[in-house]
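K.L.:
Have a look at the structure that comes next, please.
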Amino acid sequence: MRKAFIRALFMLAVFLGVTTTAVAAEIAPDVLVKETAQDVLAIVKKDKDIQAGNKKKIYDLVDAKVLPHFDFRRMTMLAVGKDWRQATPAQQEALIHEFRTLLVRTYSTSLSAYKNQTIEYKPMRMESGETDVTVKTVINQPGGQAPIPIDYRLQKNADGWKVYDVIVDNISLVTNYRGSFSSEIRKSGIDSLIKTLTEKNHKGESPDSKG
């Protein structure tokens with residue numbers, strides 16, 4: 001995974017998550033992205049502990065504000081690809097849990113990297129009744145660094161708009177993981193992938209730790 005891809009992942013936690021499910025179902029997906037970004041950025045800017053890398057606070061922020069807006073089942077299905085069909089229900093649930101944990105830890109680690117980036121929102125056209133859309137944004141970085149385009153793919157479910165893929169600098173999150181997941185499954189099977197993800201997550205810092 002490219003460094004820019006990992007660095008930009010923290011913007012997922014910035015962009016999505018402070019509205020309730022009921023509100024999320026009532027507003028357009030691009031409006032949801034823009035309005036929630038302002039709220040989450042405000043939290044990050046004023047919380048010195050988050051800026052200092054307090055893992056507990058960052059994890060709590062991600063858990064409370066981000067997770068309700070992601071369809072982790074669909075994201076996991078897309079990341080695992082055709083091998084999803086051969087997984088048992090128990091294996092599927094284990095994959096969803098570990099993939100969710102992996103992404104949460106990635107977001108939590110990256111969120112404290114916010115350094116006054118600004119967000120540019122591209123115009124979005126959505127047909128009446130459309131249930132699958134892409135919200136396009138650009139992250140403008142300080143210090144003359146190259147802007148990072150980030151596109152969000154969302155689907156409208158019964159409980160509102162949910163993110164099921166993120167494309168950072170033309171790299172799809174689910175496609176990026178699909179390659180490594182497929183390789184592991186071909187080599188050693190689904191249980192091996194679950195074990196690998198579990199071990200990777202256990203090596204991560206506890207959300208109770210600081211810095």
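Residue names in the structure tokens use chain letters A, B, ... in the order shown, residue numbers from 1 in each chain, and ligand numbers from 1 in the order shown.
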Counting only C-alpha atoms, which residues of stretch 84-131 of chain A fall within 12 Å of stretch 149-168 of chain A, and what is the closest atom pair for each with its distance in Å at one decimal, ordered by chain and rising number, as CSV?

P.N.:
```
residue,atom,partner,partner_atom,distance
A:Arg100,CA,A:Tyr164,CA,11.9
A:Leu103,CA,A:Val166,CA,11.7
A:Thr118,CA,A:Pro149,CA,11.9
A:Ile119,CA,A:Pro149,CA,9.8
A:Glu120,CA,A:Pro149,CA,9.2
A:Tyr121,CA,A:Ile150,CA,9.8
A:Lys122,CA,A:Asp151,CA,9.7
A:Met124,CA,A:Asp151,CA,11.2
A:Met126,CA,A:Leu154,CA,11.9
A:Gly129,CA,A:Lys156,CA,9.8
A:Glu130,CA,A:Lys156,CA,8.4
A:Thr131,CA,A:Lys156,CA,4.9
```

K.L.:
Determine, counting only C-alpha atoms, which protein, DNA and RNA residues have an atom within 12 Å of an atom of A:Thr198; residues of the same chain fewer than 6 positions away are not included. Present the result as a PyMOL selection string.

P.N.:
chain A and resi 94-102+191-192+204

K.L.:
Keeping only N, CA and C atoms, write those residues as a PDB file, in the first residue's frame.

P.N.:
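Just written: selection-v1.pdb:
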```
ATOM      1  N   ALA A  94     -16.290 -13.620  11.016  1.00  0.00           N
ATOM      2  CA  ALA A  94     -14.933 -13.392  11.519  1.00  0.00           C
ATOM      3  C   ALA A  94     -14.174 -12.437  10.604  1.00  0.00           C
ATOM      4  N   LEU A  95     -14.338 -12.601   9.300  1.00  0.00           N
ATOM      5  CA  LEU A  95     -13.679 -11.701   8.340  1.00  0.00           C
ATOM      6  C   LEU A  95     -14.187 -10.274   8.490  1.00  0.00           C
ATOM      7  N   ILE A  96     -15.506 -10.116   8.643  1.00  0.00           N
ATOM      8  CA  ILE A  96     -16.075  -8.779   8.820  1.00  0.00           C
ATOM      9  C   ILE A  96     -15.513  -8.136  10.075  1.00  0.00           C
ATOM     10  N   HIS A  97     -15.476  -8.886  11.158  1.00  0.00           N
ATOM     11  CA  HIS A  97     -14.982  -8.345  12.437  1.00  0.00           C
ATOM     12  C   HIS A  97     -13.527  -7.912  12.325  1.00  0.00           C
ATOM     13  N   GLU A  98     -12.691  -8.766  11.752  1.00  0.00           N
ATOM     14  CA  GLU A  98     -11.264  -8.452  11.689  1.00  0.00           C
ATOM     15  C   GLU A  98     -10.972  -7.339  10.688  1.00  0.00           C
ATOM     16  N   PHE A  99     -11.688  -7.317   9.557  1.00  0.00           N
ATOM     17  CA  PHE A  99     -11.478  -6.248   8.581  1.00  0.00           C
ATOM     18  C   PHE A  99     -11.928  -4.917   9.169  1.00  0.00           C
ATOM     19  N   ARG A 100     -13.044  -4.923   9.863  1.00  0.00           N
ATOM     20  CA  ARG A 100     -13.536  -3.724  10.536  1.00  0.00           C
ATOM     21  C   ARG A 100     -12.507  -3.221  11.541  1.00  0.00           C
ATOM     22  N   THR A 101     -11.969  -4.124  12.332  1.00  0.00           N
ATOM     23  CA  THR A 101     -10.971  -3.745  13.337  1.00  0.00           C
ATOM     24  C   THR A 101      -9.722  -3.183  12.680  1.00  0.00           C
ATOM     25  N   LEU A 102      -9.300  -3.805  11.579  1.00  0.00           N
ATOM     26  CA  LEU A 102      -8.119  -3.335  10.856  1.00  0.00           C
ATOM     27  C   LEU A 102      -8.315  -1.899  10.365  1.00  0.00           C
ATOM     28  N   ASP A 191      -9.229 -19.554   6.614  1.00  0.00           N
ATOM     29  CA  ASP A 191      -8.860 -19.506   8.027  1.00  0.00           C
ATOM     30  C   ASP A 191      -7.502 -18.838   8.218  1.00  0.00           C
ATOM     31  N   SER A 192      -6.613 -19.042   7.268  1.00  0.00           N
ATOM     32  CA  SER A 192      -5.294 -18.420   7.354  1.00  0.00           C
ATOM     33  C   SER A 192      -5.407 -16.904   7.232  1.00  0.00           C
ATOM     34  N   GLY A 204      -1.425  -4.229  16.888  1.00  0.00           N
ATOM     35  CA  GLY A 204      -1.690  -2.809  16.949  1.00  0.00           C
ATOM     36  C   GLY A 204      -1.745  -2.335  18.383  1.00  0.00           C
TER      37      GLY A 204
END
```

K.L.:
Excluding A:Met77 and residues on its chain fewer than 4 positions from it, collect all residues at most 10 Å away from it, counting only C-alpha atoms, and give them as a list of chain:residue names.

P.N.:
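Here the answer would be A:Phe72, A:Arg73, A:Gly81, A:Lys82, A:Asp83, A:Trp84, A:Arg85, A:Gln92, A:Leu95, A:Ile96, A:Tyr164, A:Val174, A:Arg178.
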
K.L.:
Looking at only C-alpha atoms, which of A:Val80, A:Phe181, A:Val66, A:Thr175 is the one that sits closest to A:Thr196?

P.N.:
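Going through A:Val80, A:Phe181, A:Val66, A:Thr175 one by one, the smallest distance to A:Thr196 is for A:Phe181.
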
K.L.:
Which one is closest to A:Ala79: A:Ile148, A:Asp63, A:Ser180, A:Gln51? Count only C-alpha atoms.

P.N.:
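Among the listed residues, A:Ser180 lies closest to A:Ala79.
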
K.L.:
At what distance in Å, to one decimal, does atom CA of A:Asp132 lie from atom CA of A:Met75?

P.N.:
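The value is 14.2 Å.
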